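Novice: See coords-v3.pdb below, with PDB, C-alpha atoms and all ligand atoms.
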ATOM      1  CA  MET A  28     105.878 119.272  97.034  1.00  0.00           C
ATOM      2  CA  GLU A  29     108.492 116.524  96.917  1.00  0.00           C
ATOM      3  CA  VAL A  30     111.756 116.737  98.840  1.00  0.00           C
ATOM      4  CA  GLY A  31     114.332 113.960  98.765  1.00  0.00           C
ATOM      5  CA  GLY A  32     111.750 111.456  97.522  1.00  0.00           C
ATOM      6  CA  ILE A  33     109.295 112.345 100.271  1.00  0.00           C
ATOM      7  CA  GLN A  34     105.872 113.780  99.513  1.00  0.00           C
ATOM      8  CA  VAL A  35     105.141 116.843 101.595  1.00  0.00           C
ATOM      9  CA  GLU A  36     101.713 118.341 102.091  1.00  0.00           C
ATOM     10  CA  LEU A  37     101.739 122.120 102.520  1.00  0.00           C
ATOM     11  CA  VAL A  38      99.086 123.941 104.502  1.00  0.00           C
ATOM     12  CA  ARG A  39      99.299 127.742 104.466  1.00  0.00           C
ATOM     13  CA  LYS A  40      97.935 129.318 107.600  1.00  0.00           C
ATOM     14  CA  ASP A  41      97.964 132.517 109.609  1.00  0.00           C
ATOM     15  CA  ILE A  42     100.730 131.325 111.914  1.00  0.00           C
ATOM     16  CA  LYS A  43     104.097 132.687 112.913  1.00  0.00           C
ATOM     17  CA  HIS A  44     106.369 129.666 112.510  1.00  0.00           C
ATOM     18  CA  LEU A  45     106.841 126.688 110.222  1.00  0.00           C
ATOM     19  CA  HIS A  46     105.573 123.514 111.776  1.00  0.00           C
ATOM     20  CA  LEU A  47     106.592 120.079 110.496  1.00  0.00           C
ATOM     21  CA  ARG A  48     104.712 116.943 111.422  1.00  0.00           C
ATOM     22  CA  VAL A  49     104.869 113.267 110.476  1.00  0.00           C
ATOM     23  CA  CYS A  50     101.240 112.328 110.989  1.00  0.00           C
ATOM     24  CA  PRO A  51      99.946 109.063 112.328  1.00  0.00           C
ATOM     25  CA  PRO A  52      98.497 106.734 111.344  1.00  0.00           C
ATOM     26  CA  ASP A  53      99.992 106.832 107.848  1.00  0.00           C
ATOM     27  CA  GLY A  54     103.225 108.838 108.223  1.00  0.00           C
ATOM     28  CA  ARG A  55     102.234 111.596 105.844  1.00  0.00           C
ATOM     29  CA  VAL A  56     104.447 114.657 106.133  1.00  0.00           C
ATOM     30  CA  ARG A  57     102.531 117.864 106.683  1.00  0.00           C
ATOM     31  CA  VAL A  58     104.055 121.324 106.985  1.00  0.00           C
ATOM     32  CA  SER A  59     102.060 124.252 108.259  1.00  0.00           C
ATOM     33  CA  VAL A  60     103.528 127.361 106.677  1.00  0.00           C
ATOM     34  CA  PRO A  61     103.055 131.044 107.502  1.00  0.00           C
ATOM     35  CA  ARG A  62     101.610 132.826 104.456  1.00  0.00           C
ATOM     36  CA  ARG A  63     104.695 135.019 103.940  1.00  0.00           C
ATOM     37  CA  VAL A  64     107.131 132.099 103.743  1.00  0.00           C
ATOM     38  CA  ASN A  65     108.024 130.955 100.213  1.00  0.00           C
ATOM     39  CA  ASP A  66     108.394 127.399  98.886  1.00  0.00           C
ATOM     40  CA  ALA A  67     112.199 127.517  98.719  1.00  0.00           C
ATOM     41  CA  THR A  68     112.363 128.167 102.450  1.00  0.00           C
ATOM     42  CA  VAL A  69     109.996 125.272 103.155  1.00  0.00           C
ATOM     43  CA  ARG A  70     112.012 123.003 100.875  1.00  0.00           C
ATOM     44  CA  ALA A  71     115.279 123.871 102.672  1.00  0.00           C
ATOM     45  CA  MET A  72     113.712 123.264 106.072  1.00  0.00           C
ATOM     46  CA  VAL A  73     112.306 119.884 105.065  1.00  0.00           C
ATOM     47  CA  ALA A  74     115.614 118.900 103.401  1.00  0.00           C
ATOM     48  CA  SER A  75     117.492 119.660 106.622  1.00  0.00           C
ATOM     49  CA  ARG A  76     115.233 117.263 108.536  1.00  0.00           C
ATOM     50  CA  LEU A  77     114.997 114.352 106.106  1.00  0.00           C
ATOM     51  CA  GLU A  78     116.744 111.944 108.396  1.00  0.00           C
ATOM     52  CA  TRP A  79     114.399 112.738 111.263  1.00  0.00           C
ATOM     53  CA  ILE A  80     111.398 112.424 108.916  1.00  0.00           C
ATOM     54  CA  ARG A  81     112.518 108.997 107.692  1.00  0.00           C
ATOM     55  CA  ARG A  82     112.976 107.846 111.272  1.00  0.00           C
ATOM     56  CA  GLN A  83     109.499 108.998 112.207  1.00  0.00           C
ATOM     57  CA  GLN A  84     108.013 107.339 109.130  1.00  0.00           C
ATOM     58  CA  ALA A  85     109.772 104.082 109.940  1.00  0.00           C
ATOM     59  CA  ARG A  86     108.241 104.231 113.409  1.00  0.00           C
ATOM     60  CA  VAL A  87     104.785 104.882 111.982  1.00  0.00           C
ATOM     61  CA  VAL A  88     105.132 101.974 109.544  1.00  0.00           C
ATOM     62  CA  ARG A  89     106.147  99.702 112.408  1.00  0.00           C
ATOM     63  CA  GLU A  90     103.303 100.781 114.620  1.00  0.00           C
ATOM     64  CA  GLY A  91     100.849 100.723 111.729  1.00  0.00           C
ATOM     65  CA  SER A  92     101.760  97.187 110.760  1.00  0.00           C
ATOM     66  CA  ARG A  93     101.235  96.018 114.329  1.00  0.00           C
ATOM     67  CA  ALA A  94      97.715  97.320 114.290  1.00  0.00           C
ATOM     68  CA  LYS A  95      95.376  95.039 112.407  1.00  0.00           C
ATOM     69  CA  ARG A  96      94.307  96.804 109.242  1.00  0.00           C
ATOM     70  CA  GLU A  97      91.192  96.031 107.319  1.00  0.00           C
ATOM     71  CA  LEU A  98      92.852  96.446 103.898  1.00  0.00           C
ATOM     72  CA  VAL A  99      90.031  98.505 102.490  1.00  0.00           C
ATOM     73  CA  THR A 100      89.947 101.483 100.148  1.00  0.00           C
ATOM     74  CA  GLY A 101      91.282 104.647 101.739  1.00  0.00           C
ATOM     75  CA  GLU A 102      93.829 103.035 104.029  1.00  0.00           C
ATOM     76  CA  THR A 103      97.495 103.853 103.623  1.00  0.00           C
ATOM     77  CA  SER A 104      99.858 101.278 102.171  1.00  0.00           C
ATOM     78  CA  TRP A 105     103.612 101.609 102.056  1.00  0.00           C
ATOM     79  CA  PHE A 106     106.023 100.595  99.347  1.00  0.00           C
ATOM     80  CA  GLU A 107     109.744 101.400  99.243  1.00  0.00           C
ATOM     81  CA  GLY A 108     109.374 104.250 101.695  1.00  0.00           C
ATOM     82  CA  ARG A 109     106.392 105.913 100.055  1.00  0.00           C
ATOM     83  CA  ALA A 110     102.834 106.120 101.276  1.00  0.00           C
ATOM     84  CA  TYR A 111     100.104 105.103  98.848  1.00  0.00           C
ATOM     85  CA  ARG A 112      96.344 105.285  99.169  1.00  0.00           C
ATOM     86  CA  LEU A 113      95.016 101.764  98.977  1.00  0.00           C
ATOM     87  CA  GLN A 114      92.235 101.193  96.488  1.00  0.00           C
ATOM     88  CA  VAL A 115      90.542  97.822  96.466  1.00  0.00           C
ATOM     89  CA  ILE A 116      89.047  97.005  93.070  1.00  0.00           C
ATOM     90  CA  GLU A 117      86.784  93.984  92.756  1.00  0.00           C
ATOM     91  CA  VAL A 118      87.085  92.441  89.322  1.00  0.00           C
ATOM     92  CA  ASP A 119      86.543  88.958  87.956  1.00  0.00           C
ATOM     93  CA  ALA A 120      90.153  88.398  86.898  1.00  0.00           C
ATOM     94  CA  ALA A 121      93.410  87.151  88.339  1.00  0.00           C
ATOM     95  CA  PRO A 122      94.310  89.180  91.464  1.00  0.00           C
ATOM     96  CA  SER A 123      97.045  91.784  91.053  1.00  0.00           C
ATOM     97  CA  VAL A 124      98.614  94.848  92.606  1.00  0.00           C
ATOM     98  CA  GLY A 125      99.631  97.957  90.692  1.00  0.00           C
ATOM     99  CA  LEU A 126     100.928 101.413  91.539  1.00  0.00           C
ATOM    100  CA  ARG A 127      99.498 104.458  89.815  1.00  0.00           C
ATOM    101  CA  ASP A 128     100.449 107.952  90.982  1.00  0.00           C
ATOM    102  CA  GLY A 129      99.854 107.884  94.725  1.00  0.00           C
ATOM    103  CA  THR A 130      97.501 104.922  94.611  1.00  0.00           C
ATOM    104  CA  MET A 131      98.117 101.244  95.258  1.00  0.00           C
ATOM    105  CA  GLU A 132      95.486  99.363  93.307  1.00  0.00           C
ATOM    106  CA  LEU A 133      94.658  95.972  94.748  1.00  0.00           C
ATOM    107  CA  ARG A 134      92.573  93.934  92.308  1.00  0.00           C
ATOM    108  CA  VAL A 135      90.751  90.990  93.796  1.00  0.00           C
ATOM    109  CA  ARG A 136      87.803  88.862  92.799  1.00  0.00           C
ATOM    110  CA  PRO A 137      84.409  90.058  94.097  1.00  0.00           C
ATOM    111  CA  GLY A 138      83.760  89.029  97.678  1.00  0.00           C
ATOM    112  CA  SER A 139      87.416  88.421  98.572  1.00  0.00           C
ATOM    113  CA  ASP A 140      87.736  88.613 102.341  1.00  0.00           C
ATOM    114  CA  ARG A 141      90.435  90.308 104.354  1.00  0.00           C
ATOM    115  CA  SER A 142      92.742  87.304 104.492  1.00  0.00           C
ATOM    116  CA  LYS A 143      92.536  86.889 100.720  1.00  0.00           C
ATOM    117  CA  ARG A 144      93.358  90.578 100.195  1.00  0.00           C
ATOM    118  CA  GLU A 145      96.255  90.257 102.609  1.00  0.00           C
ATOM    119  CA  ALA A 146      97.587  87.173 100.830  1.00  0.00           C
ATOM    120  CA  VAL A 147      97.547  88.954  97.459  1.00  0.00           C
ATOM    121  CA  LEU A 148      99.346  91.983  98.898  1.00  0.00           C
ATOM    122  CA  GLU A 149     101.876  89.845 100.731  1.00  0.00           C
ATOM    123  CA  ALA A 150     102.717  87.857  97.616  1.00  0.00           C
ATOM    124  CA  TRP A 151     103.233  91.104  95.739  1.00  0.00           C
ATOM    125  CA  TYR A 152     105.503  92.553  98.457  1.00  0.00           C
ATOM    126  CA  ARG A 153     107.502  89.330  98.453  1.00  0.00           C
ATOM    127  CA  ARG A 154     107.931  89.394  94.699  1.00  0.00           C
ATOM    128  CA  LYS A 155     108.962  93.069  94.721  1.00  0.00           C
ATOM    129  CA  LEU A 156     111.436  92.528  97.532  1.00  0.00           C
ATOM    130  CA  GLN A 157     112.928  89.482  95.861  1.00  0.00           C
ATOM    131  CA  GLU A 158     113.282  91.386  92.595  1.00  0.00           C
ATOM    132  CA  ARG A 159     115.518  93.865  94.400  1.00  0.00           C
ATOM    133  CA  ILE A 160     117.865  91.306  95.880  1.00  0.00           C
ATOM    134  CA  PRO A 161     119.911  89.988  92.903  1.00  0.00           C
ATOM    135  CA  ALA A 162     121.243  93.436  91.946  1.00  0.00           C
ATOM    136  CA  LEU A 163     122.097  94.233  95.569  1.00  0.00           C
ATOM    137  CA  LEU A 164     123.913  90.920  95.971  1.00  0.00           C
ATOM    138  CA  ALA A 165     125.771  91.432  92.690  1.00  0.00           C
ATOM    139  CA  HIS A 166     126.875  94.832  93.941  1.00  0.00           C
ATOM    140  CA  TRP A 167     127.838  93.819  97.494  1.00  0.00           C
ATOM    141  CA  GLU A 168     129.266  90.314  97.183  1.00  0.00           C
ATOM    142  CA  PRO A 169     132.516  91.461  95.533  1.00  0.00           C
ATOM    143  CA  LYS A 170     132.804  94.454  97.874  1.00  0.00           C
ATOM    144  CA  VAL A 171     132.326  92.426 101.049  1.00  0.00           C
ATOM    145  CA  GLY A 172     134.142  89.450  99.552  1.00  0.00           C
ATOM    146  CA  VAL A 173     131.539  86.824 100.437  1.00  0.00           C
ATOM    147  CA  GLN A 174     129.144  84.583  98.547  1.00  0.00           C
ATOM    148  CA  VAL A 175     125.575  84.304  99.763  1.00  0.00           C
ATOM    149  CA  ALA A 176     124.164  80.850  99.034  1.00  0.00           C
ATOM    150  CA  GLU A 177     120.555  81.883  99.453  1.00  0.00           C
ATOM    151  CA  CYS A 178     118.615  85.027 100.339  1.00  0.00           C
ATOM    152  CA  ARG A 179     115.000  84.524 101.288  1.00  0.00           C
ATOM    153  CA  THR A 180     112.165  86.592 102.732  1.00  0.00           C
ATOM    154  CA  LYS A 181     109.588  85.979 105.414  1.00  0.00           C
ATOM    155  CA  LEU A 182     107.458  87.930 107.852  1.00  0.00           C
ATOM    156  CA  MET A 183     109.297  88.267 111.145  1.00  0.00           C
ATOM    157  CA  LYS A 184     107.896  89.752 114.320  1.00  0.00           C
ATOM    158  CA  SER A 185     111.066  90.993 115.953  1.00  0.00           C
ATOM    159  CA  ARG A 186     113.915  90.972 113.458  1.00  0.00           C
ATOM    160  CA  TRP A 187     114.744  92.758 110.209  1.00  0.00           C
ATOM    161  CA  GLY A 188     117.070  90.035 109.100  1.00  0.00           C
ATOM    162  CA  THR A 189     118.957  86.961 110.202  1.00  0.00           C
ATOM    163  CA  CYS A 190     121.919  85.058 108.877  1.00  0.00           C
ATOM    164  CA  ASN A 191     122.693  81.359 109.057  1.00  0.00           C
ATOM    165  CA  VAL A 192     126.471  81.522 108.750  1.00  0.00           C
ATOM    166  CA  GLU A 193     127.052  77.788 108.157  1.00  0.00           C
ATOM    167  CA  ALA A 194     124.505  77.617 105.337  1.00  0.00           C
ATOM    168  CA  ARG A 195     125.394  81.164 104.131  1.00  0.00           C
ATOM    169  CA  ARG A 196     121.650  81.764 104.061  1.00  0.00           C
ATOM    170  CA  ILE A 197     120.147  85.197 104.767  1.00  0.00           C
ATOM    171  CA  TRP A 198     116.526  85.807 105.756  1.00  0.00           C
ATOM    172  CA  LEU A 199     115.060  89.277 105.266  1.00  0.00           C
ATOM    173  CA  ASN A 200     111.909  90.558 106.881  1.00  0.00           C
ATOM    174  CA  LEU A 201     109.161  90.987 104.300  1.00  0.00           C
ATOM    175  CA  GLU A 202     108.271  94.307 105.957  1.00  0.00           C
ATOM    176  CA  LEU A 203     111.419  95.734 104.343  1.00  0.00           C
ATOM    177  CA  ALA A 204     109.454  95.938 101.079  1.00  0.00           C
ATOM    178  CA  LYS A 205     107.598  98.851 102.693  1.00  0.00           C
ATOM    179  CA  MET A 206     110.800 100.670 103.612  1.00  0.00           C
ATOM    180  CA  PRO A 207     113.179 102.791 101.531  1.00  0.00           C
ATOM    181  CA  VAL A 208     115.610 100.618  99.564  1.00  0.00           C
ATOM    182  CA  ALA A 209     118.469 102.092 101.628  1.00  0.00           C
ATOM    183  CA  HIS A 210     117.071 100.214 104.644  1.00  0.00           C
ATOM    184  CA  LEU A 211     116.941  96.922 102.762  1.00  0.00           C
ATOM    185  CA  GLU A 212     120.514  97.498 101.635  1.00  0.00           C
ATOM    186  CA  TRP A 213     121.683  98.157 105.183  1.00  0.00           C
ATOM    187  CA  ILE A 214     120.105  94.972 106.537  1.00  0.00           C
ATOM    188  CA  LEU A 215     121.487  92.910 103.676  1.00  0.00           C
ATOM    189  CA  VAL A 216     125.016  94.287 104.097  1.00  0.00           C
ATOM    190  CA  HIS A 217     124.801  93.768 107.856  1.00  0.00           C
ATOM    191  CA  GLU A 218     123.907  90.107 107.376  1.00  0.00           C
ATOM    192  CA  MET A 219     126.587  89.665 104.716  1.00  0.00           C
ATOM    193  CA  VAL A 220     129.228  91.030 107.096  1.00  0.00           C
ATOM    194  CA  HIS A 221     128.197  88.305 109.534  1.00  0.00           C
ATOM    195  CA  LEU A 222     129.702  85.860 107.035  1.00  0.00           C
ATOM    196  CA  LEU A 223     133.028  87.488 107.944  1.00  0.00           C
ATOM    197  CA  GLU A 224     132.358  88.091 111.638  1.00  0.00           C
ATOM    198  CA  ARG A 225     129.583  86.416 113.601  1.00  0.00           C
ATOM    199  CA  ARG A 226     129.496  88.764 116.559  1.00  0.00           C
ATOM    200  CA  HIS A 227     128.647  92.453 116.906  1.00  0.00           C
ATOM    201  CA  ASN A 228     132.146  93.351 118.054  1.00  0.00           C
ATOM    202  CA  ASP A 229     134.758  95.949 117.134  1.00  0.00           C
ATOM    203  CA  ARG A 230     135.853  93.974 114.114  1.00  0.00           C
ATOM    204  CA  PHE A 231     132.269  93.756 112.888  1.00  0.00           C
ATOM    205  CA  ARG A 232     131.795  97.520 113.283  1.00  0.00           C
ATOM    206  CA  ALA A 233     135.131  98.229 111.582  1.00  0.00           C
ATOM    207  CA  LEU A 234     134.040  96.120 108.620  1.00  0.00           C
ATOM    208  CA  LEU A 235     130.743  98.017 108.424  1.00  0.00           C
ATOM    209  CA  ASP A 236     132.630 101.319 108.596  1.00  0.00           C
ATOM    210  CA  ARG A 237     134.656 100.219 105.602  1.00  0.00           C
ATOM    211  CA  PHE A 238     131.764  98.926 103.485  1.00  0.00           C
ATOM    212  CA  LEU A 239     128.911 101.240 104.479  1.00  0.00           C
ATOM    213  CA  PRO A 240     130.218 104.356 106.241  1.00  0.00           C
ATOM    214  CA  ASP A 241     126.720 105.731 106.940  1.00  0.00           C
ATOM    215  CA  TRP A 242     125.484 102.496 108.541  1.00  0.00           C
ATOM    216  CA  ARG A 243     124.819 104.142 111.918  1.00  0.00           C
ATOM    217  CA  SER A 244     122.211 106.536 110.586  1.00  0.00           C
ATOM    218  CA  ARG A 245     120.598 103.681 108.629  1.00  0.00           C
ATOM    219  CA  ARG A 246     120.535 101.578 111.779  1.00  0.00           C
ATOM    220  CA  ASP A 247     118.988 104.393 113.825  1.00  0.00           C
ATOM    221  CA  ALA A 248     116.270 104.851 111.219  1.00  0.00           C
ATOM    222  CA  LEU A 249     115.146 101.240 111.631  1.00  0.00           C
ATOM    223  CA  ASN A 250     115.385 101.024 115.393  1.00  0.00           C
ATOM    224  CA  ARG A 251     114.697  97.323 115.764  1.00  0.00           C
ATOM    225  CA  PRO A 252     117.151  94.568 116.664  1.00  0.00           C
ATOM    226  CA  ILE A 253     119.051  92.956 113.849  1.00  0.00           C
ATOM    227  CA  ASP A 254     120.517  89.498 114.235  1.00  0.00           C
TER     228      ASP A 254
HETATM  229 ZN    ZN A 301     123.869  91.273 113.304  1.00  0.00          ZN
END
How does the structure come out when it is put into structure tokens?
Ligand SMILES: [Zn+2]
Specialist:
Amino acid sequence: MEVGGIQVELVRKDIKHLHLRVCPPDGRVRVSVPRRVNDATVRAMVASRLEWIRRQQARVVREGSRAKRELVTGETSWFEGRAYRLQVIEVDAAPSVGLRDGTMELRVRPGSDRSKREAVLEAWYRRKLQERIPALLAHWEPKVGVQVAECRTKLMKSRWGTCNVEARRIWLNLELAKMPVAHLEWILVHEMVHLLERRHNDRFRALLDRFLPDWRSRRDALNRPID
């Protein structure tokens, strides 16, 4: 079942109540359902808790990316808010990453070690994230009334984004490639508003309220400091 872009695994059991869980380590959503309860009821329940689910998944992604992963077949990989089963395919050809159904196929040359696999994945995440940025900038620059000189990506330990106001340069955390696009958009707009107001003060919040009225729920879903 899919609700609001989130894959939900249904398990029918002899139980009395619906039970929703976002499971570590991969953030899969599993609902245990009493046998008499129909799909429409499950769908409505999940839909009413989407925001909570996204928050939990964001937490799982954060915690999962702190833990050192082996990057082997069967692990969970995230892209734009969805969980994929990683499949490592050894093939004597240029390395690549592709998505097919629920699988992220990582093609590497035979014998590629963990750091090589990580480098291929990271380059792919960076490319995907950077592909998203021009359209977002084109949409938000006229709305916010600023021009961003440069928007770049890098892995950051403690920040989702930063903004160098003098250079009008924005840095986005590469981890955002794993998150729903709405999160990327929120971070980008936040940093763009810093070109109008450096500090997190009332004026800053008023500007956010004008440009992105639901920014508070987006912020709560990410739960990590933003510069
Ligand atoms: Zn900020």
Novice: Contacts between ligand ZN 301 (chain A) and chain A, please, where a residue of chain A counts if it comes within 12 Å (with all atoms listed in the file); show its shortest atom pair and distance in Å to one decimal, rows by chain and ascending number, as JSON lines.
Specialist:
{"residue": "A:Arg186", "atom": "CA", "partner": "A:ZN301", "partner_atom": "ZN", "distance": 10.0}
{"residue": "A:Trp187", "atom": "CA", "partner": "A:ZN301", "partner_atom": "ZN", "distance": 9.7}
{"residue": "A:Gly188", "atom": "CA", "partner": "A:ZN301", "partner_atom": "ZN", "distance": 8.1}
{"residue": "A:Thr189", "atom": "CA", "partner": "A:ZN301", "partner_atom": "ZN", "distance": 7.2}
{"residue": "A:Cys190", "atom": "CA", "partner": "A:ZN301", "partner_atom": "ZN", "distance": 7.9}
{"residue": "A:Asn191", "atom": "CA", "partner": "A:ZN301", "partner_atom": "ZN", "distance": 10.8}
{"residue": "A:Val192", "atom": "CA", "partner": "A:ZN301", "partner_atom": "ZN", "distance": 11.1}
{"residue": "A:Ile197", "atom": "CA", "partner": "A:ZN301", "partner_atom": "ZN", "distance": 11.1}
{"residue": "A:Trp198", "atom": "CA", "partner": "A:ZN301", "partner_atom": "ZN", "distance": 11.9}
{"residue": "A:Trp213", "atom": "CA", "partner": "A:ZN301", "partner_atom": "ZN", "distance": 10.9}
{"residue": "A:Ile214", "atom": "CA", "partner": "A:ZN301", "partner_atom": "ZN", "distance": 8.6}
{"residue": "A:Leu215", "atom": "CA", "partner": "A:ZN301", "partner_atom": "ZN", "distance": 10.1}
{"residue": "A:Val216", "atom": "CA", "partner": "A:ZN301", "partner_atom": "ZN", "distance": 9.8}
{"residue": "A:His217", "atom": "CA", "partner": "A:ZN301", "partner_atom": "ZN", "distance": 6.1}
{"residue": "A:Glu218", "atom": "CA", "partner": "A:ZN301", "partner_atom": "ZN", "distance": 6.0}
{"residue": "A:Met219", "atom": "CA", "partner": "A:ZN301", "partner_atom": "ZN", "distance": 9.2}
{"residue": "A:Val220", "atom": "CA", "partner": "A:ZN301", "partner_atom": "ZN", "distance": 8.2}
{"residue": "A:His221", "atom": "CA", "partner": "A:ZN301", "partner_atom": "ZN", "distance": 6.5}
{"residue": "A:Leu222", "atom": "CA", "partner": "A:ZN301", "partner_atom": "ZN", "distance": 10.1}
{"residue": "A:Leu223", "atom": "CA", "partner": "A:ZN301", "partner_atom": "ZN", "distance": 11.3}
{"residue": "A:Glu224", "atom": "CA", "partner": "A:ZN301", "partner_atom": "ZN", "distance": 9.2}
{"residue": "A:Arg225", "atom": "CA", "partner": "A:ZN301", "partner_atom": "ZN", "distance": 7.5}
{"residue": "A:Arg226", "atom": "CA", "partner": "A:ZN301", "partner_atom": "ZN", "distance": 7.0}
{"residue": "A:His227", "atom": "CA", "partner": "A:ZN301", "partner_atom": "ZN", "distance": 6.1}
{"residue": "A:Asn228", "atom": "CA", "partner": "A:ZN301", "partner_atom": "ZN", "distance": 9.8}
{"residue": "A:Phe231", "atom": "CA", "partner": "A:ZN301", "partner_atom": "ZN", "distance": 8.8}
{"residue": "A:Arg232", "atom": "CA", "partner": "A:ZN301", "partner_atom": "ZN", "distance": 10.1}
{"residue": "A:Leu235", "atom": "CA", "partner": "A:ZN301", "partner_atom": "ZN", "distance": 10.8}
{"residue": "A:Arg246", "atom": "CA", "partner": "A:ZN301", "partner_atom": "ZN", "distance": 10.9}
{"residue": "A:Arg251", "atom": "CA", "partner": "A:ZN301", "partner_atom": "ZN", "distance": 11.3}
{"residue": "A:Pro252", "atom": "CA", "partner": "A:ZN301", "partner_atom": "ZN", "distance": 8.2}
{"residue": "A:Ile253", "atom": "CA", "partner": "A:ZN301", "partner_atom": "ZN", "distance": 5.1}
{"residue": "A:Asp254", "atom": "CA", "partner": "A:ZN301", "partner_atom": "ZN", "distance": 3.9}
Novice: With the PyMOL selection byres (((chain A and resi 161-163) around 12) and not hetatm) as the selection, what would be picked from this file? Answer as a list in words, please.
Specialist: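 For this structure, the PyMOL selection byres (((chain A and resi 161-163) around 12) and not hetatm) resolves to Lys155, Leu156, Gln157, Glu158, Arg159, Ile160, Leu164, Ala165, His166, Trp167, Glu168, Pro169, Lys170, Val171, Val175, Ala176, Glu177, Cys178, Arg179, Val208, Ala209, His210, Leu211, Glu212, Trp213, Ile214, Leu215, Val216 and Met219 of chain A.
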Novice: Please check which residues have atoms at most 8 Å from (88.4, 94.6, 104.4) in the file's coordinates, counting all atoms listed in the file, and write them as a list of chain:residue names.
Specialist: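 Result, sorted by chain then residue number: A:Arg96, A:Glu97, A:Leu98, A:Val99, A:Asp140, A:Arg141, A:Arg144.
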Novice: Any chance you could work out the residue set of the PyMOL selection byres (((chain A and resi 115) around 10) and not hetatm) here, as a ChimeraX atom specification?
Specialist: /A:98-102,112-114,116-118,124,131-135,144
Novice: Which is closest to Asp53 of chain A among A:Tyr152, A:Phe238, A:Trp79, A:Tyr111, if we use only C-alpha atoms?
Specialist: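 So, comparing all the options, the nearest one is A:Tyr111.
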Novice: Find the residue from A:Arg237, A:Arg63, A:Lys40, A:Arg154 that sits nearest to Leu201 of chain A; use only C-alpha atoms when measuring.
Specialist: A:Arg154
Novice: Please compute the atom CA of Lys205 of chain A-atom CA of Ala146 of chain A distance, one decimal, in Å.
Specialist: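 Pair atom CA of Lys205 of chain A / atom CA of Ala146 of chain A returns 15.5 Å.
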Novice: I'd like the interatomic distance between atom CA of Arg57 of chain A and atom CA of Leu203 of chain A, to a tenth of an Å.
Specialist: 24.0 Å
Novice: Could you give me, as a count of residues only, the residues that have an atom at most 12 Å away from the point (97.6, 124.8, 112.3) in the coordinates of the file, using all atoms listed in the file?
Specialist: 18
Novice: Choose the residue, out of A:Leu77, A:Val56, A:Arg82, A:Ala121, that has the smallest atom-to-atom separation from Gln34 of chain A; count all atoms listed in the file.
Specialist: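 Closest candidate: A:Val56.
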Novice: Can you work out the spacing between atom CA of Gln174 of chain A and atom CA of Trp242 of chain A in Å, to one decimal?
Specialist: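 Separation of atom CA of Gln174 of chain A and atom CA of Trp242 of chain A: 20.8 Å.
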